[in-house]
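Each remark here refers to the structure printed beneath this line.
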Amino acid sequence: MTKHAGALVDTLSHEERLDRLGEVAVHVGLGLKPGQELVMTASIDALPLVRRITEHAYKAGASLVTTLFSDEEATLARFHYAPDASFDAASAWLYDGMAAAFRSGAARLAISGENPSLLANEDTGKVSRANRARSKAYMPALSLIAGFDINWTIVSFASPAWAKAMFPDDPEDIAVAKLWHAIFSASRIDTPDPVAAWRAHNAELNARTTQLNARRYASLRFRGPGTDLTVGLADDHEWAGGASTAKNGVVCNANIPTEEVFTTPHKLRVDGHVASTKPLSYQGTLIQDIAVKFEGGRIVEARARTGQDVLEKVLETDEGSRRLGEVALVPHSSPISKSGLLFFNTLYDENAASHIALGQSYSKCFIDGASLTPEQLAEKGANSSLIHIDWMIGSGEIDVDGISFSGEAEPVMRKGEWA
């Protein structure tokens with residue numbers, strides 16, 4: 001039976017695989033409920049996937065699906081022709097409307113797949129100002145997402161620009177086909193029953209989080225080339241991974257794909273130095289070879305081989321942008337890591353390596369976090385910021401120790417693998 005099912009999967013057309021991805025996005029990613037609205041954002045390149053997701057959402061009983069489209073050429077036109085003062089503005093009315101939709105019970109789905117170097121040649125000052133203005137305007141909606149007030153998810157579409165960034169030596173059609181193969185594989189679309197495969201994977205991630213929550217480490221220590229970093233964990237922190245229950249009671253997978261288990265660092269208890277192991281693609285700029293030093297939870301030194309200006313401006317966003325909001329563990333043998341591909345896309349690259357995130361914490365990563373006020377979360381060490389930016393610090397050369405409250409160390413990972 002399994003062999004037959006596998007053979008059947010091998011014969012699926014691209015359109016059939018795309019339809020399966022739409023089904024996984026709705027039923028695994030969102031866990032969409034009958035009567036629920038869906039707000040979706042996507043590039044116009046992703047229209048074929050948008051249509052599949054919309055169809056599956058309505059079949060699942062969605063009351064209304066609203067999609068907000070973006071266009072990379074239009075984005076570039078802004079940087080080429082818009083007046084300078086416009087880069088300090090953002091469409092607050094749009095994000096206020098999204099927040100109102102979420103407060104009314106709507107789910108959120110984002111389709112990623114942007115050109116990782118879209119803004120690489122644009123004025124870094126304008127890029128920084130535009131990002132800051134957008135972050136401020138988006139905060140009413142982002143706070144509901146980061147707090148898991150709603151069920152939400154992110155999936156990907158293989159845009160030509162992203163595919164060519166990954167496979168620059170291939171003709172565009174071959175590059176796109178290769179990227180689609182990688183997306184389908186990482187998203188478990190090519191299994192006989194993708195929904196069942198996700199159910200089993202979520203069970204494995206849940207077992208890992210249960211084990212880590214039982215250990216109640218005071219901190220984690222990362223050691224390897226360019227890295228000796230101690231990440232103190234927030235008081236009453238809780239590990240999460242895979243499927244989660246949002247505050248509205250809906251079980252969702254926020255990231256498709258996902259291989260991580262993660263929790264909240266204490267914003268004042270991070271010390272040492274750390275080097276990135278993969279490039280960070282941020283808002284169209286590629287930031288490579290990041291190296292930073294933490295003291296008392298705050299980045300006091302930072303450099304990068306490329307994208308230094310953008311990195312510096314990110315760190316100037318607000319007080320919380322120099323502190324951590326997340327630490328995540330991913331084995332070096334994860335499927336995305338084993339693919340050997342560098343995606344230039346955080347959704348994928350963060351699931352190939354252990355990572356940390358600058359900025360906003362997740363309230364879900366605390367015991368009874370859903371019932372805690374922002375002030376109570378802050379007292380336990382949660383960070384607050386306009387940003388949440390993951391960057392990769394894990395590899396096959398990184399060891400991770402769990403440090404108890406008495407100072408005893410025990411291995412959590414060795415050479416990037418679970419100990």
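Chain lettering (A, B, ...) mirrors the order of the structure tokens, residue numbering begins at 1 for each chain separately, and ligand numbering begins at 1 in order of display.
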
Find the residues of region 288-390 of chain A that sit at most 10 Å from region 207-226 of chain A; for each, write down the nearest two atoms and how far apart they are in Å, to one decimal. Count only C-alpha atoms. Sort by chain, then by number going up, and give it as a tab-separated table.
```
residue	atom	partner	partner_atom	distance
A:Ala291	CA	A:Gly226	CA	7.9
A:Val292	CA	A:Gly226	CA	9.8
A:Val327	CA	A:Leu220	CA	9.2
A:Ser354	CA	A:Phe222	CA	9.8
```

Polymer residues at most 6 Å from Gly297 (chain A), only C-alpha atoms, same-chain spacing of 3 or more positions, as a count of residues only
6

Which residues, written as an MDAnalysis selection string, have at least one atom at most 8 Å from Val26 (chain A), with only C-alpha atoms counted and residues fewer than 2 positions away on the same chain left out?
chainID A and resid 22:24 28:32 53 56:57 60

Dump of N, CA and C atoms for the selected residues, as a PDB file, in the first residue's frame:
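Here's the written file result_20.pdb:
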```pdb
ATOM      1  N   GLY A  22      -1.950  24.160  -1.120  1.00  0.00           N
ATOM      2  CA  GLY A  22      -3.078  24.977  -0.690  1.00  0.00           C
ATOM      3  C   GLY A  22      -3.880  24.299   0.403  1.00  0.00           C
ATOM      4  N   GLU A  23      -4.064  22.987   0.268  1.00  0.00           N
ATOM      5  CA  GLU A  23      -4.793  22.223   1.282  1.00  0.00           C
ATOM      6  C   GLU A  23      -4.037  22.211   2.608  1.00  0.00           C
ATOM      7  N   VAL A  24      -2.724  21.990   2.546  1.00  0.00           N
ATOM      8  CA  VAL A  24      -1.913  21.994   3.764  1.00  0.00           C
ATOM      9  C   VAL A  24      -1.939  23.380   4.415  1.00  0.00           C
ATOM     10  N   VAL A  28      -3.577  22.493   7.765  1.00  0.00           N
ATOM     11  CA  VAL A  28      -2.476  22.289   8.712  1.00  0.00           C
ATOM     12  C   VAL A  28      -1.952  23.636   9.212  1.00  0.00           C
ATOM     13  N   GLY A  29      -1.660  24.545   8.275  1.00  0.00           N
ATOM     14  CA  GLY A  29      -1.112  25.837   8.663  1.00  0.00           C
ATOM     15  C   GLY A  29      -2.086  26.659   9.486  1.00  0.00           C
ATOM     16  N   LEU A  30      -3.295  26.858   8.951  1.00  0.00           N
ATOM     17  CA  LEU A  30      -4.273  27.707   9.614  1.00  0.00           C
ATOM     18  C   LEU A  30      -5.208  26.961  10.551  1.00  0.00           C
ATOM     19  N   GLY A  31      -5.556  25.726  10.206  1.00  0.00           N
ATOM     20  CA  GLY A  31      -6.617  25.044  10.944  1.00  0.00           C
ATOM     21  C   GLY A  31      -7.916  25.832  10.832  1.00  0.00           C
ATOM     22  N   LEU A  32      -8.148  26.413   9.660  1.00  0.00           N
ATOM     23  CA  LEU A  32      -9.266  27.344   9.462  1.00  0.00           C
ATOM     24  C   LEU A  32     -10.596  26.717   9.872  1.00  0.00           C
ATOM     25  N   ILE A  53      -5.360  28.307  -2.431  1.00  0.00           N
ATOM     26  CA  ILE A  53      -5.649  28.511  -1.012  1.00  0.00           C
ATOM     27  C   ILE A  53      -7.062  29.052  -0.831  1.00  0.00           C
ATOM     28  N   HIS A  56      -9.580  26.217  -1.220  1.00  0.00           N
ATOM     29  CA  HIS A  56      -9.620  25.325  -0.066  1.00  0.00           C
ATOM     30  C   HIS A  56     -10.194  26.032   1.156  1.00  0.00           C
ATOM     31  N   ALA A  57      -9.957  27.336   1.290  1.00  0.00           N
ATOM     32  CA  ALA A  57     -10.513  28.079   2.418  1.00  0.00           C
ATOM     33  C   ALA A  57     -12.043  28.101   2.351  1.00  0.00           C
ATOM     34  N   ALA A  60     -13.468  24.857   3.221  1.00  0.00           N
ATOM     35  CA  ALA A  60     -13.402  24.622   4.666  1.00  0.00           C
ATOM     36  C   ALA A  60     -14.425  25.450   5.432  1.00  0.00           C
TER      37      ALA A  60
END
```

Quick one: DSSP helix (DSSP H, G or I) residues in region 2-137 of chain A, as a PyMOL selection string?
chain A and resi 2-10+14-30+44-59+72-81+84-88+92-103+124-137

What parts of region 167-372 of chain A does DSSP call strand (DSSP E)? I'd like the answer as a PyMOL selection string.
chain A and resi 219-224+227-233+244-245+251-252+261-263+265-275+280-282+285-287+291-295+298-303+324-329+355-359

Excluding Ala203 (chain A) and residues on its chain fewer than 3 positions from it, collect all residues at most 12 Å away from it, counting only C-alpha atoms, and give them as a list in words.
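Listing them by chain and then by number gives Ala196, Ala197, Trp198, Arg199, Ala200, Asn206, Ala207, Arg208, Thr209, Thr210, Ala240, Gly241, Gly242, Ala243, Ser244 and Glu259 of chain A.
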